[in-house]
Structure formats: C-alpha cells, structure tokens
Amino acid sequence: MERIRAALVDIDGVLTVSWKALPGAVSAMEQLRGAGLRVALVTNNTSRTRAAIAARLADLGFPVDAGDVLTAPAATAAYLREHFPGARCLLLNSGDVREDLTGVTLVAEGDADVVVLGGAGAEFGYAALNRVFRQLQRGARLVSMHRNLYWRTEGGLDLDTGAFLEGLEKAARTRAEVTGKPDPAFFASALAHLGTDASEALMIGDDIESDVLAAQRSGITGVLVRTGKYLPETHRAASGTPDHVIDSFADLPALLAAEGGGTPER
C-alpha cells in the first residue's frame, strides 16, 4: 500500500446509487485528489456516455471530468474496431451510448455480423431477445459489455444483462466475448490510461467478482465496499478473498493512511 499511486473506482454502488452521491463519497474523492492519486472511474454503466457521466458526477460535487471516465461502451468500441472492422452490429442496450461507439457500424434492420449487448432495461423484451437469438442462430458473433446479474437502485436490486446473457448463450450454444469488467483487457486499458503499473493501483468496487477479484487477478490491490450491490452471502460464496474490505468509499482515505499509503509516491 505504500507504493499506491492510482485508484480505479467503480461508480454505481460505490460513489452513487441511482445517481445520488453516497455519504462521504465526494469528500473522499477530494482527499484522494489532494493526496496526488491518479484516479480513473471504471464503470460497466451502459446507459450514459462518458461525457454525460462526468457531467452528472460533477453536478454532485465530484472533482472529475470526462477524461477520468472509462466505460464499457468505449472499451467495446475499441474491441469491435480491432476484431470486427466494418462489421454490421446489432445493439441491444438501455440508454443511448452511440456517441461512445465511434467507428462502429450499427444496424437497425437486416442481418448482423455481431450482436452487441449493453445494459438491460425495458428494451430487453421477448421480441428483442428473440431477434438476438435468431441472429446468433444464423452465425452472428456475440459481444457483451458485461455479465453483471444485477445492480443497485434506490428501489432495490434490479436485473441486469447477465441474467439474460446466460440464457442466450445456452440457447444459441455460443459464448459471449465480454469487453467490460471483469475482462483483463479493461483493467489493462485503465492502467495504461493512468500510466501506472498494477502493483501501484487500487480497485475499489461493490461487485466482489467483477470488480475486486478480477482486478486482483490482474495484480491490482482490491478493495471491496459494503455498499451498492454488496451482499454478505455473495461475499461468503465468492471465489476468492478481497485484499481489503471497508464499509464505504468514504473510508478509503483512512485505509490508505492506516496502511502507510496516505501520501502516494510521485
């Protein structure tokens, strides 16, 4: 912890719930900035663009801008440009993130070469899912921005893409290529963005598997928060053990100070 120079921070469930700042989160972010830590907000949020996310967080008082935000849609665009250049892509997503899908050909009708799943919502009805299933049957590749089963809102836990993705994979006898967390390439991209090594970074998240343990497998120190989608039973049943567990993001500055990482190396 003495060599920590950067923090990768999830947004939903860590900094906010239903786009309302969690207690102490703004102050904690200000303290991280004041200590000189490099910060990247790494999110599987697929309902807003990077610019929109940054603007909303700034309105809440967080000292961030669009350059600090790394999203699953932006990572997906990079993946599609590299692996499926010029492909016709059918997007099923709740929210408009086309601004972040630069260089990707999106189609509304006809056959697609690639089916791209974003975040789940009302758009994930029978007709839409069946259209995806038929495209997969005829040979389209399946790319998903994440595999999250659910996420936290002020009304409780809501189903997310992973709950539908597993059914599509089994029915179509295929396997999705995942581009957001927990994909190692997503974490590597975030580290490259910050110009730091894995050994010098923390990942703070509420999803023990996709955020914390996935980051630890990439050599990043993992910090699990007991907010957002955190559930004690999920924690107990997890495939590994987080490096650190804290009650909330507000407790992160104290953790850093206690571990000797309050003032990062420059």
# chains A, B, ... in the order shown; residues from 1 in each chain; ligands from 1
>>> residues_around(residues="Pro184 (chain A)", least_positions_apart="5", cutoff="12 Å", atoms="only C-alpha atoms", output="number ranges by chain")
A: 75, 178-179, 189-191, 198, 210-220
>>> write_last_selection(atoms="N, CA, C and O atoms", output="compact mmCIF listing (two decimals), in the first residue's frame")
# COMPACT_ATOMS: atom_id res chain seq x y z
N ALA A 75 -14.83 0.79 -24.29
CA ALA A 75 -13.98 -0.39 -24.45
C ALA A 75 -14.53 -1.32 -25.53
O ALA A 75 -13.76 -1.92 -26.29
N VAL A 178 -16.72 -10.77 -23.65
CA VAL A 178 -17.04 -9.69 -22.73
C VAL A 178 -15.94 -8.64 -22.78
O VAL A 178 -14.75 -8.96 -22.72
N THR A 179 -16.35 -7.37 -22.89
CA THR A 179 -15.38 -6.30 -23.10
C THR A 179 -15.19 -5.38 -21.90
O THR A 179 -14.18 -4.70 -21.80
N SER A 189 -6.29 -1.50 -19.89
CA SER A 189 -6.53 -0.22 -20.54
C SER A 189 -6.59 0.91 -19.52
O SER A 189 -6.05 2.00 -19.75
N ALA A 190 -7.22 0.65 -18.38
CA ALA A 190 -7.31 1.67 -17.33
C ALA A 190 -5.93 2.01 -16.77
O ALA A 190 -5.61 3.18 -16.54
N LEU A 191 -5.11 0.99 -16.56
CA LEU A 191 -3.76 1.23 -16.05
C LEU A 191 -2.93 2.02 -17.06
O LEU A 191 -2.18 2.94 -16.69
N ALA A 198 0.20 -2.22 -12.29
CA ALA A 198 -0.83 -2.85 -11.47
C ALA A 198 -0.46 -2.83 -9.99
O ALA A 198 -1.32 -2.63 -9.13
N SER A 210 -16.58 -9.21 -10.28
CA SER A 210 -16.23 -8.45 -11.48
C SER A 210 -15.30 -7.28 -11.20
O SER A 210 -14.49 -6.91 -12.05
N ASP A 211 -15.44 -6.65 -10.03
CA ASP A 211 -14.61 -5.51 -9.69
C ASP A 211 -13.33 -5.93 -8.99
O ASP A 211 -12.22 -5.69 -9.46
N VAL A 212 -13.51 -6.56 -7.84
CA VAL A 212 -12.40 -6.74 -6.89
C VAL A 212 -11.51 -7.94 -7.23
O VAL A 212 -10.30 -7.80 -7.44
N LEU A 213 -12.10 -9.12 -7.28
CA LEU A 213 -11.28 -10.31 -7.53
C LEU A 213 -10.71 -10.30 -8.95
O LEU A 213 -9.58 -10.76 -9.17
N ALA A 214 -11.48 -9.79 -9.91
CA ALA A 214 -10.96 -9.69 -11.28
C ALA A 214 -9.75 -8.76 -11.32
O ALA A 214 -8.76 -9.05 -12.01
N ALA A 215 -9.81 -7.65 -10.60
CA ALA A 215 -8.67 -6.74 -10.55
C ALA A 215 -7.47 -7.39 -9.87
O ALA A 215 -6.33 -7.24 -10.31
N GLN A 216 -7.73 -8.14 -8.81
CA GLN A 216 -6.63 -8.81 -8.11
C GLN A 216 -5.93 -9.82 -9.00
O GLN A 216 -4.70 -9.99 -8.93
N ARG A 217 -6.69 -10.48 -9.87
CA ARG A 217 -6.06 -11.43 -10.81
C ARG A 217 -5.16 -10.70 -11.80
O ARG A 217 -4.28 -11.32 -12.40
N SER A 218 -5.38 -9.40 -11.97
CA SER A 218 -4.51 -8.59 -12.84
C SER A 218 -3.39 -7.93 -12.05
O SER A 218 -2.66 -7.10 -12.60
N GLY A 219 -3.25 -8.27 -10.77
CA GLY A 219 -2.16 -7.73 -9.96
C GLY A 219 -2.48 -6.44 -9.25
O GLY A 219 -1.60 -5.84 -8.63
N ILE A 220 -3.73 -5.99 -9.33
CA ILE A 220 -4.18 -4.75 -8.69
C ILE A 220 -4.69 -5.08 -7.29
O ILE A 220 -5.35 -6.10 -7.08
>>> residues_around(residues="Leu129 (chain A)", least_positions_apart="2", cutoff="12 Å", atoms="only C-alpha atoms", output="compact mmCIF listing (two decimals) with all heavy atoms, in the first residue's frame")
# COMPACT_ATOMS: atom_id res chain seq x y z
N LEU A 90 -25.63 -5.22 -34.40
CA LEU A 90 -26.96 -5.02 -33.82
C LEU A 90 -26.77 -4.76 -32.33
O LEU A 90 -26.26 -5.61 -31.60
CB LEU A 90 -27.83 -6.26 -34.05
CG LEU A 90 -29.18 -6.28 -33.30
CD1 LEU A 90 -30.07 -5.15 -33.80
CD2 LEU A 90 -29.86 -7.62 -33.47
N LEU A 91 -27.19 -3.59 -31.87
CA LEU A 91 -27.02 -3.20 -30.47
C LEU A 91 -28.34 -3.32 -29.73
O LEU A 91 -29.36 -2.79 -30.16
CB LEU A 91 -26.51 -1.75 -30.39
CG LEU A 91 -26.43 -1.14 -28.99
CD1 LEU A 91 -25.37 -1.85 -28.15
CD2 LEU A 91 -26.13 0.36 -29.09
N LEU A 92 -28.30 -4.03 -28.60
CA LEU A 92 -29.43 -4.08 -27.68
C LEU A 92 -28.96 -3.49 -26.36
O LEU A 92 -28.11 -4.07 -25.67
CB LEU A 92 -29.92 -5.52 -27.49
CG LEU A 92 -31.12 -5.70 -26.53
CD1 LEU A 92 -32.32 -4.87 -26.99
CD2 LEU A 92 -31.49 -7.17 -26.41
N ASN A 93 -29.50 -2.33 -26.00
CA ASN A 93 -28.99 -1.60 -24.85
C ASN A 93 -30.06 -0.67 -24.31
O ASN A 93 -30.88 -0.13 -25.06
CB ASN A 93 -27.76 -0.77 -25.25
CG ASN A 93 -27.17 -0.01 -24.10
OD1 ASN A 93 -26.78 -0.60 -23.10
ND2 ASN A 93 -27.12 1.31 -24.21
N VAL A 115 -23.76 -9.27 -32.66
CA VAL A 115 -24.78 -8.78 -31.74
C VAL A 115 -24.06 -8.23 -30.52
O VAL A 115 -23.21 -8.91 -29.94
CB VAL A 115 -25.76 -9.88 -31.32
CG1 VAL A 115 -26.68 -9.38 -30.21
CG2 VAL A 115 -26.58 -10.36 -32.51
N VAL A 116 -24.39 -6.99 -30.15
CA VAL A 116 -23.74 -6.33 -29.02
C VAL A 116 -24.77 -6.06 -27.94
O VAL A 116 -25.77 -5.37 -28.18
CB VAL A 116 -23.08 -5.00 -29.45
CG1 VAL A 116 -22.37 -4.35 -28.27
CG2 VAL A 116 -22.11 -5.23 -30.60
N LEU A 117 -24.55 -6.61 -26.75
CA LEU A 117 -25.45 -6.38 -25.63
C LEU A 117 -24.85 -5.36 -24.69
O LEU A 117 -23.68 -5.47 -24.29
CB LEU A 117 -25.70 -7.68 -24.86
CG LEU A 117 -26.35 -8.84 -25.62
CD1 LEU A 117 -26.63 -9.98 -24.66
CD2 LEU A 117 -27.64 -8.40 -26.31
N ALA A 120 -29.18 -3.89 -19.43
CA ALA A 120 -30.57 -4.34 -19.55
C ALA A 120 -31.54 -3.27 -19.06
O ALA A 120 -31.24 -2.47 -18.19
CB ALA A 120 -30.78 -5.63 -18.77
N GLY A 121 -32.73 -3.32 -19.64
CA GLY A 121 -33.81 -2.43 -19.26
C GLY A 121 -35.07 -2.88 -19.96
O GLY A 121 -35.18 -4.03 -20.41
N ALA A 122 -36.00 -1.97 -20.11
CA ALA A 122 -37.27 -2.31 -20.76
C ALA A 122 -37.07 -2.80 -22.19
O ALA A 122 -37.91 -3.53 -22.73
CB ALA A 122 -38.19 -1.09 -20.75
N GLU A 123 -35.96 -2.42 -22.81
CA GLU A 123 -35.67 -2.84 -24.19
C GLU A 123 -35.46 -4.34 -24.31
O GLU A 123 -35.54 -4.91 -25.39
CB GLU A 123 -34.43 -2.10 -24.70
CG GLU A 123 -34.60 -0.60 -24.83
CD GLU A 123 -34.41 0.14 -23.52
OE1 GLU A 123 -34.17 -0.51 -22.46
OE2 GLU A 123 -34.51 1.38 -23.53
N PHE A 124 -35.15 -5.02 -23.20
CA PHE A 124 -34.86 -6.45 -23.22
C PHE A 124 -36.15 -7.26 -23.11
O PHE A 124 -36.29 -8.13 -22.24
CB PHE A 124 -33.90 -6.80 -22.08
CG PHE A 124 -32.45 -6.55 -22.39
CD1 PHE A 124 -32.01 -5.29 -22.78
CD2 PHE A 124 -31.51 -7.57 -22.29
CE1 PHE A 124 -30.68 -5.04 -23.06
CE2 PHE A 124 -30.17 -7.33 -22.57
CZ PHE A 124 -29.76 -6.07 -22.98
N GLY A 125 -37.10 -7.00 -24.00
CA GLY A 125 -38.35 -7.76 -24.03
C GLY A 125 -38.22 -9.00 -24.90
O GLY A 125 -37.18 -9.24 -25.53
N TYR A 126 -39.30 -9.78 -24.99
CA TYR A 126 -39.25 -11.04 -25.72
C TYR A 126 -38.87 -10.83 -27.18
O TYR A 126 -38.01 -11.54 -27.72
CB TYR A 126 -40.59 -11.78 -25.64
CG TYR A 126 -40.57 -13.07 -26.42
CD1 TYR A 126 -40.01 -14.22 -25.87
CD2 TYR A 126 -41.06 -13.13 -27.73
CE1 TYR A 126 -39.96 -15.40 -26.61
CE2 TYR A 126 -41.02 -14.30 -28.46
CZ TYR A 126 -40.47 -15.43 -27.90
OH TYR A 126 -40.40 -16.58 -28.62
N ALA A 127 -39.50 -9.89 -27.84
CA ALA A 127 -39.25 -9.70 -29.28
C ALA A 127 -37.79 -9.37 -29.54
O ALA A 127 -37.18 -9.91 -30.47
CB ALA A 127 -40.17 -8.60 -29.83
N ARG A 131 -35.05 -11.79 -31.40
CA ARG A 131 -34.33 -11.34 -32.60
C ARG A 131 -32.83 -11.60 -32.43
O ARG A 131 -32.16 -12.07 -33.34
CB ARG A 131 -34.59 -9.86 -32.86
CG ARG A 131 -33.89 -9.37 -34.13
CD ARG A 131 -34.01 -7.89 -34.33
NE ARG A 131 -33.29 -7.51 -35.55
CZ ARG A 131 -32.92 -6.27 -35.84
NH1 ARG A 131 -33.21 -5.27 -35.01
NH2 ARG A 131 -32.26 -6.00 -36.95
N VAL A 132 -32.33 -11.30 -31.24
CA VAL A 132 -30.91 -11.58 -30.95
C VAL A 132 -30.64 -13.07 -31.10
O VAL A 132 -29.65 -13.49 -31.73
CB VAL A 132 -30.56 -11.11 -29.53
CG1 VAL A 132 -29.21 -11.69 -29.09
CG2 VAL A 132 -30.52 -9.58 -29.47
N PHE A 133 -31.51 -13.90 -30.53
CA PHE A 133 -31.35 -15.35 -30.59
C PHE A 133 -31.30 -15.84 -32.04
O PHE A 133 -30.45 -16.66 -32.40
CB PHE A 133 -32.51 -16.00 -29.84
CG PHE A 133 -32.55 -17.50 -29.92
CD1 PHE A 133 -31.43 -18.27 -29.62
CD2 PHE A 133 -33.71 -18.17 -30.28
CE1 PHE A 133 -31.46 -19.65 -29.68
CE2 PHE A 133 -33.76 -19.54 -30.35
CZ PHE A 133 -32.63 -20.28 -30.05
N ARG A 134 -32.16 -15.30 -32.88
CA ARG A 134 -32.17 -15.73 -34.28
C ARG A 134 -30.92 -15.28 -35.02
O ARG A 134 -30.41 -16.00 -35.88
CB ARG A 134 -33.43 -15.21 -34.96
CG ARG A 134 -34.69 -15.92 -34.49
CD ARG A 134 -35.93 -15.48 -35.21
NE ARG A 134 -37.08 -16.30 -34.81
CZ ARG A 134 -38.31 -16.11 -35.27
NH1 ARG A 134 -38.55 -15.14 -36.16
NH2 ARG A 134 -39.29 -16.89 -34.87
N GLN A 135 -30.42 -14.11 -34.69
CA GLN A 135 -29.17 -13.66 -35.31
C GLN A 135 -28.01 -14.57 -34.90
O GLN A 135 -27.15 -14.91 -35.72
CB GLN A 135 -28.86 -12.21 -34.89
CG GLN A 135 -29.82 -11.18 -35.45
CD GLN A 135 -29.66 -10.99 -36.95
OE1 GLN A 135 -28.59 -11.15 -37.50
NE2 GLN A 135 -30.76 -10.66 -37.63
N LEU A 136 -28.00 -14.98 -33.65
CA LEU A 136 -26.96 -15.89 -33.17
C LEU A 136 -27.08 -17.24 -33.84
O LEU A 136 -26.07 -17.88 -34.18
CB LEU A 136 -27.03 -16.04 -31.65
CG LEU A 136 -26.78 -14.76 -30.84
CD1 LEU A 136 -26.97 -15.04 -29.35
CD2 LEU A 136 -25.39 -14.20 -31.10
N THR A 161 -27.87 -7.38 -17.45
CA THR A 161 -27.68 -8.15 -18.68
C THR A 161 -27.30 -9.60 -18.45
O THR A 161 -27.72 -10.49 -19.19
CB THR A 161 -26.60 -7.45 -19.53
OG1 THR A 161 -27.00 -6.11 -19.76
CG2 THR A 161 -26.39 -8.16 -20.85
N PHE A 164 -29.90 -12.33 -18.62
CA PHE A 164 -30.40 -12.68 -19.95
C PHE A 164 -29.30 -13.33 -20.79
O PHE A 164 -29.57 -14.20 -21.62
CB PHE A 164 -30.92 -11.43 -20.67
CG PHE A 164 -31.98 -10.70 -19.90
CD1 PHE A 164 -31.66 -9.62 -19.08
CD2 PHE A 164 -33.31 -11.09 -19.98
CE1 PHE A 164 -32.64 -8.95 -18.37
CE2 PHE A 164 -34.30 -10.42 -19.28
CZ PHE A 164 -33.96 -9.34 -18.47
N LEU A 165 -28.08 -12.90 -20.58
CA LEU A 165 -26.96 -13.37 -21.38
C LEU A 165 -26.75 -14.87 -21.23
O LEU A 165 -26.52 -15.57 -22.22
CB LEU A 165 -25.69 -12.61 -20.98
CG LEU A 165 -24.40 -12.99 -21.70
CD1 LEU A 165 -24.53 -12.77 -23.21
CD2 LEU A 165 -23.23 -12.18 -21.14
N GLY A 167 -28.88 -17.17 -20.58
CA GLY A 167 -29.91 -17.90 -21.31
C GLY A 167 -29.66 -17.89 -22.81
O GLY A 167 -29.83 -18.91 -23.49
N LEU A 168 -29.24 -16.74 -23.35
CA LEU A 168 -28.93 -16.64 -24.77
C LEU A 168 -27.76 -17.55 -25.14
O LEU A 168 -27.78 -18.22 -26.18
CB LEU A 168 -28.61 -15.20 -25.15
CG LEU A 168 -29.80 -14.24 -25.22
CD1 LEU A 168 -29.31 -12.82 -25.34
CD2 LEU A 168 -30.70 -14.59 -26.41
N GLU A 169 -26.74 -17.56 -24.30
CA GLU A 169 -25.59 -18.41 -24.58
C GLU A 169 -25.98 -19.89 -24.63
O GLU A 169 -25.55 -20.62 -25.53
CB GLU A 169 -24.51 -18.19 -23.51
CG GLU A 169 -23.80 -16.85 -23.61
CD GLU A 169 -22.80 -16.65 -22.50
OE1 GLU A 169 -23.10 -17.04 -21.35
OE2 GLU A 169 -21.73 -16.08 -22.76
N ALA A 171 -29.04 -21.17 -25.12
CA ALA A 171 -29.99 -21.45 -26.19
C ALA A 171 -29.31 -21.48 -27.55
O ALA A 171 -29.62 -22.33 -28.40
CB ALA A 171 -31.11 -20.41 -26.19
N ALA A 172 -28.37 -20.57 -27.77
CA ALA A 172 -27.70 -20.46 -29.07
C ALA A 172 -26.41 -21.27 -29.12
O ALA A 172 -25.74 -21.30 -30.16
CB ALA A 172 -27.40 -18.99 -29.38
>>> closest_atom_pairs(of="region 186-260 of chain A", to="region 21-38 of chain A", cutoff="12 Å", atoms="only C-alpha atoms", output="JSON lines")
{"residue": "A:Ala190", "atom": "CA", "partner": "A:Arg38", "partner_atom": "CA", "distance": 11.0}
{"residue": "A:Leu191", "atom": "CA", "partner": "A:Arg38", "partner_atom": "CA", "distance": 10.1}
{"residue": "A:Ala192", "atom": "CA", "partner": "A:Arg38", "partner_atom": "CA", "distance": 11.7}
{"residue": "A:His193", "atom": "CA", "partner": "A:Arg38", "partner_atom": "CA", "distance": 9.9}
{"residue": "A:Leu194", "atom": "CA", "partner": "A:Arg38", "partner_atom": "CA", "distance": 6.5}
{"residue": "A:Gly195", "atom": "CA", "partner": "A:Arg38", "partner_atom": "CA", "distance": 9.0}
{"residue": "A:Thr196", "atom": "CA", "partner": "A:Arg38", "partner_atom": "CA", "distance": 8.8}
{"residue": "A:Asp197", "atom": "CA", "partner": "A:Arg38", "partner_atom": "CA", "distance": 11.8}
{"residue": "A:Glu200", "atom": "CA", "partner": "A:Leu37", "partner_atom": "CA", "distance": 10.3}
{"residue": "A:Ala201", "atom": "CA", "partner": "A:Arg38", "partner_atom": "CA", "distance": 9.0}
{"residue": "A:Leu202", "atom": "CA", "partner": "A:Leu37", "partner_atom": "CA", "distance": 10.2}
{"residue": "A:Ile204", "atom": "CA", "partner": "A:Met29", "partner_atom": "CA", "distance": 11.9}
{"residue": "A:Val225", "atom": "CA", "partner": "A:Ala25", "partner_atom": "CA", "distance": 11.8}
{"residue": "A:Arg226", "atom": "CA", "partner": "A:Leu22", "partner_atom": "CA", "distance": 11.8}
{"residue": "A:Thr227", "atom": "CA", "partner": "A:Leu22", "partner_atom": "CA", "distance": 8.8}
{"residue": "A:Gly228", "atom": "CA", "partner": "A:Leu22", "partner_atom": "CA", "distance": 9.4}
{"residue": "A:Asp247", "atom": "CA", "partner": "A:Pro23", "partner_atom": "CA", "distance": 11.2}
{"residue": "A:Ser248", "atom": "CA", "partner": "A:Ala25", "partner_atom": "CA", "distance": 8.1}
{"residue": "A:Phe249", "atom": "CA", "partner": "A:Ala25", "partner_atom": "CA", "distance": 5.8}
{"residue": "A:Ala250", "atom": "CA", "partner": "A:Gly24", "partner_atom": "CA", "distance": 4.8}
{"residue": "A:Asp251", "atom": "CA", "partner": "A:Ala28", "partner_atom": "CA", "distance": 7.5}
{"residue": "A:Leu252", "atom": "CA", "partner": "A:Ala28", "partner_atom": "CA", "distance": 7.0}
{"residue": "A:Pro253", "atom": "CA", "partner": "A:Ala28", "partner_atom": "CA", "distance": 6.3}
{"residue": "A:Ala254", "atom": "CA", "partner": "A:Ala28", "partner_atom": "CA", "distance": 9.3}
{"residue": "A:Leu255", "atom": "CA", "partner": "A:Ala28", "partner_atom": "CA", "distance": 11.2}
{"residue": "A:Leu256", "atom": "CA", "partner": "A:Leu32", "partner_atom": "CA", "distance": 9.5}
{"residue": "A:Ala257", "atom": "CA", "partner": "A:Ala35", "partner_atom": "CA", "distance": 10.5}
>>> closest_residue(among="A:Asp113, A:Gly180, A:Arg5, A:Gly139", to="Ala78 (chain A)", atoms="only C-alpha atoms")
A:Gly180
>>> select_by_dssp(residues="region 34-143 of chain A", states="alpha helix (DSSP H)", output="PDB file with N, CA and C atoms, in the first residue's frame")
ATOM      1  N   GLY A  34      -6.404  15.366  -3.483  1.00  0.00           N
ATOM      2  CA  GLY A  34      -5.474  16.191  -2.727  1.00  0.00           C
ATOM      3  C   GLY A  34      -4.179  15.481  -2.376  1.00  0.00           C
ATOM      4  N   ARG A  50     -19.601   8.822 -21.668  1.00  0.00           N
ATOM      5  CA  ARG A  50     -18.570   9.284 -20.741  1.00  0.00           C
ATOM      6  C   ARG A  50     -18.799  10.740 -20.347  1.00  0.00           C
ATOM      7  N   ALA A  51     -19.128  11.559 -21.330  1.00  0.00           N
ATOM      8  CA  ALA A  51     -19.343  12.981 -21.056  1.00  0.00           C
ATOM      9  C   ALA A  51     -20.538  13.185 -20.128  1.00  0.00           C
ATOM     10  N   ALA A  52     -21.620  12.437 -20.368  1.00  0.00           N
ATOM     11  CA  ALA A  52     -22.814  12.580 -19.545  1.00  0.00           C
ATOM     12  C   ALA A  52     -22.563  12.111 -18.111  1.00  0.00           C
ATOM     13  N   ILE A  53     -21.815  11.018 -17.963  1.00  0.00           N
ATOM     14  CA  ILE A  53     -21.483  10.519 -16.632  1.00  0.00           C
ATOM     15  C   ILE A  53     -20.649  11.542 -15.875  1.00  0.00           C
ATOM     16  N   ALA A  54     -19.641  12.073 -16.531  1.00  0.00           N
ATOM     17  CA  ALA A  54     -18.775  13.058 -15.880  1.00  0.00           C
ATOM     18  C   ALA A  54     -19.553  14.302 -15.481  1.00  0.00           C
ATOM     19  N   ALA A  55     -20.449  14.755 -16.352  1.00  0.00           N
ATOM     20  CA  ALA A  55     -21.235  15.945 -16.050  1.00  0.00           C
ATOM     21  C   ALA A  55     -22.149  15.708 -14.847  1.00  0.00           C
ATOM     22  N   ARG A  56     -22.766  14.524 -14.795  1.00  0.00           N
ATOM     23  CA  ARG A  56     -23.649  14.219 -13.664  1.00  0.00           C
ATOM     24  C   ARG A  56     -22.863  14.164 -12.366  1.00  0.00           C
ATOM     25  N   LEU A  57     -21.701  13.530 -12.387  1.00  0.00           N
ATOM     26  CA  LEU A  57     -20.879  13.447 -11.177  1.00  0.00           C
ATOM     27  C   LEU A  57     -20.376  14.821 -10.747  1.00  0.00           C
ATOM     28  N   ALA A  58     -19.990  15.632 -11.711  1.00  0.00           N
ATOM     29  CA  ALA A  58     -19.537  16.985 -11.391  1.00  0.00           C
ATOM     30  C   ALA A  58     -20.665  17.785 -10.750  1.00  0.00           C
ATOM     31  N   ASP A  59     -21.892  17.600 -11.221  1.00  0.00           N
ATOM     32  CA  ASP A  59     -23.036  18.280 -10.627  1.00  0.00           C
ATOM     33  C   ASP A  59     -23.237  17.878  -9.167  1.00  0.00           C
ATOM     34  N   ALA A  72     -17.583   0.756 -20.290  1.00  0.00           N
ATOM     35  CA  ALA A  72     -17.679  -0.466 -21.076  1.00  0.00           C
ATOM     36  C   ALA A  72     -18.032  -0.192 -22.537  1.00  0.00           C
ATOM     37  N   PRO A  73     -18.921   0.767 -22.845  1.00  0.00           N
ATOM     38  CA  PRO A  73     -19.185   1.056 -24.260  1.00  0.00           C
ATOM     39  C   PRO A  73     -17.943   1.521 -25.014  1.00  0.00           C
ATOM     40  N   ALA A  74     -17.131   2.378 -24.399  1.00  0.00           N
ATOM     41  CA  ALA A  74     -15.914   2.838 -25.074  1.00  0.00           C
ATOM     42  C   ALA A  74     -14.947   1.683 -25.291  1.00  0.00           C
ATOM     43  N   ALA A  75     -14.833   0.789 -24.295  1.00  0.00           N
ATOM     44  CA  ALA A  75     -13.978  -0.393 -24.445  1.00  0.00           C
ATOM     45  C   ALA A  75     -14.526  -1.319 -25.527  1.00  0.00           C
ATOM     46  N   THR A  76     -15.841  -1.415 -25.597  1.00  0.00           N
ATOM     47  CA  THR A  76     -16.474  -2.253 -26.615  1.00  0.00           C
ATOM     48  C   THR A  76     -16.191  -1.727 -28.013  1.00  0.00           C
ATOM     49  N   ALA A  77     -16.271  -0.410 -28.181  1.00  0.00           N
ATOM     50  CA  ALA A  77     -15.985   0.191 -29.483  1.00  0.00           C
ATOM     51  C   ALA A  77     -14.569  -0.131 -29.926  1.00  0.00           C
ATOM     52  N   ALA A  78     -13.613  -0.012 -29.007  1.00  0.00           N
ATOM     53  CA  ALA A  78     -12.219  -0.323 -29.341  1.00  0.00           C
ATOM     54  C   ALA A  78     -12.070  -1.793 -29.732  1.00  0.00           C
ATOM     55  N   TYR A  79     -12.767  -2.673 -29.002  1.00  0.00           N
ATOM     56  CA  TYR A  79     -12.699  -4.104 -29.292  1.00  0.00           C
ATOM     57  C   TYR A  79     -13.288  -4.413 -30.666  1.00  0.00           C
ATOM     58  N   LEU A  80     -14.426  -3.824 -30.969  1.00  0.00           N
ATOM     59  CA  LEU A  80     -15.072  -4.082 -32.255  1.00  0.00           C
ATOM     60  C   LEU A  80     -14.244  -3.540 -33.412  1.00  0.00           C
ATOM     61  N   ARG A  81     -13.661  -2.372 -33.241  1.00  0.00           N
ATOM     62  CA  ARG A  81     -12.815  -1.808 -34.304  1.00  0.00           C
ATOM     63  C   ARG A  81     -11.616  -2.698 -34.584  1.00  0.00           C
ATOM     64  N   GLU A  82     -11.077  -3.307 -33.533  1.00  0.00           N
ATOM     65  CA  GLU A  82      -9.888  -4.152 -33.708  1.00  0.00           C
ATOM     66  C   GLU A  82     -10.228  -5.532 -34.253  1.00  0.00           C
ATOM     67  N   HIS A  83     -11.267  -6.152 -33.715  1.00  0.00           N
ATOM     68  CA  HIS A  83     -11.551  -7.559 -34.035  1.00  0.00           C
ATOM     69  C   HIS A  83     -12.606  -7.762 -35.114  1.00  0.00           C
ATOM     70  N   TYR A 126     -39.301  -9.778 -24.991  1.00  0.00           N
ATOM     71  CA  TYR A 126     -39.247 -11.043 -25.718  1.00  0.00           C
ATOM     72  C   TYR A 126     -38.869 -10.835 -27.178  1.00  0.00           C
ATOM     73  N   ALA A 127     -39.504  -9.889 -27.844  1.00  0.00           N
ATOM     74  CA  ALA A 127     -39.253  -9.704 -29.276  1.00  0.00           C
ATOM     75  C   ALA A 127     -37.793  -9.370 -29.540  1.00  0.00           C
ATOM     76  N   ALA A 128     -37.218  -8.483 -28.720  1.00  0.00           N
ATOM     77  CA  ALA A 128     -35.824  -8.084 -28.918  1.00  0.00           C
ATOM     78  C   ALA A 128     -34.880  -9.242 -28.635  1.00  0.00           C
ATOM     79  N   LEU A 129     -35.113  -9.963 -27.555  1.00  0.00           N
ATOM     80  CA  LEU A 129     -34.240 -11.090 -27.216  1.00  0.00           C
ATOM     81  C   LEU A 129     -34.367 -12.205 -28.245  1.00  0.00           C
ATOM     82  N   ASN A 130     -35.567 -12.421 -28.760  1.00  0.00           N
ATOM     83  CA  ASN A 130     -35.743 -13.462 -29.769  1.00  0.00           C
ATOM     84  C   ASN A 130     -35.052 -13.080 -31.074  1.00  0.00           C
ATOM     85  N   ARG A 131     -35.053 -11.788 -31.403  1.00  0.00           N
ATOM     86  CA  ARG A 131     -34.334 -11.343 -32.601  1.00  0.00           C
ATOM     87  C   ARG A 131     -32.835 -11.597 -32.429  1.00  0.00           C
ATOM     88  N   VAL A 132     -32.326 -11.296 -31.237  1.00  0.00           N
ATOM     89  CA  VAL A 132     -30.912 -11.577 -30.951  1.00  0.00           C
ATOM     90  C   VAL A 132     -30.645 -13.072 -31.097  1.00  0.00           C
ATOM     91  N   PHE A 133     -31.509 -13.905 -30.530  1.00  0.00           N
ATOM     92  CA  PHE A 133     -31.353 -15.352 -30.592  1.00  0.00           C
ATOM     93  C   PHE A 133     -31.296 -15.838 -32.036  1.00  0.00           C
ATOM     94  N   ARG A 134     -32.163 -15.303 -32.877  1.00  0.00           N
ATOM     95  CA  ARG A 134     -32.174 -15.733 -34.279  1.00  0.00           C
ATOM     96  C   ARG A 134     -30.919 -15.280 -35.020  1.00  0.00           C
ATOM     97  N   GLN A 135     -30.418 -14.109 -34.692  1.00  0.00           N
ATOM     98  CA  GLN A 135     -29.166 -13.659 -35.308  1.00  0.00           C
ATOM     99  C   GLN A 135     -28.009 -14.570 -34.896  1.00  0.00           C
ATOM    100  N   LEU A 136     -28.004 -14.980 -33.647  1.00  0.00           N
ATOM    101  CA  LEU A 136     -26.960 -15.887 -33.174  1.00  0.00           C
ATOM    102  C   LEU A 136     -27.079 -17.244 -33.840  1.00  0.00           C
ATOM    103  N   GLN A 137     -28.294 -17.705 -34.062  1.00  0.00           N
ATOM    104  CA  GLN A 137     -28.515 -18.990 -34.730  1.00  0.00           C
ATOM    105  C   GLN A 137     -27.945 -18.989 -36.150  1.00  0.00           C
TER     106      GLN A 137
END
>>> select_by_dssp(residues="region 47-259 of chain A", states="strand (DSSP E)", output="PyMOL selection string")
chain A and resi 69-71+88-92+105-106+114-117+141-144+150-153+156-159+177-178+201-205+221-225+244-246
>>> closest_residue(among="A:Thr221, A:Thr241, A:Thr174, A:Thr71", to="Ala140 (chain A)", atoms="only C-alpha atoms")
A:Thr174
>>> atom_distance(atom1="CA of Val107 (chain A)", atom2="CA of Asn44 (chain A)")
22.7 Å
>>> atom_distance(atom1="CA of Val104 (chain A)", atom2="CA of Ala185 (chain A)")
19.1 Å
>>> atom_distance(atom1="CA of Ala112 (chain A)", atom2="CA of Ala87 (chain A)")
7.7 Å
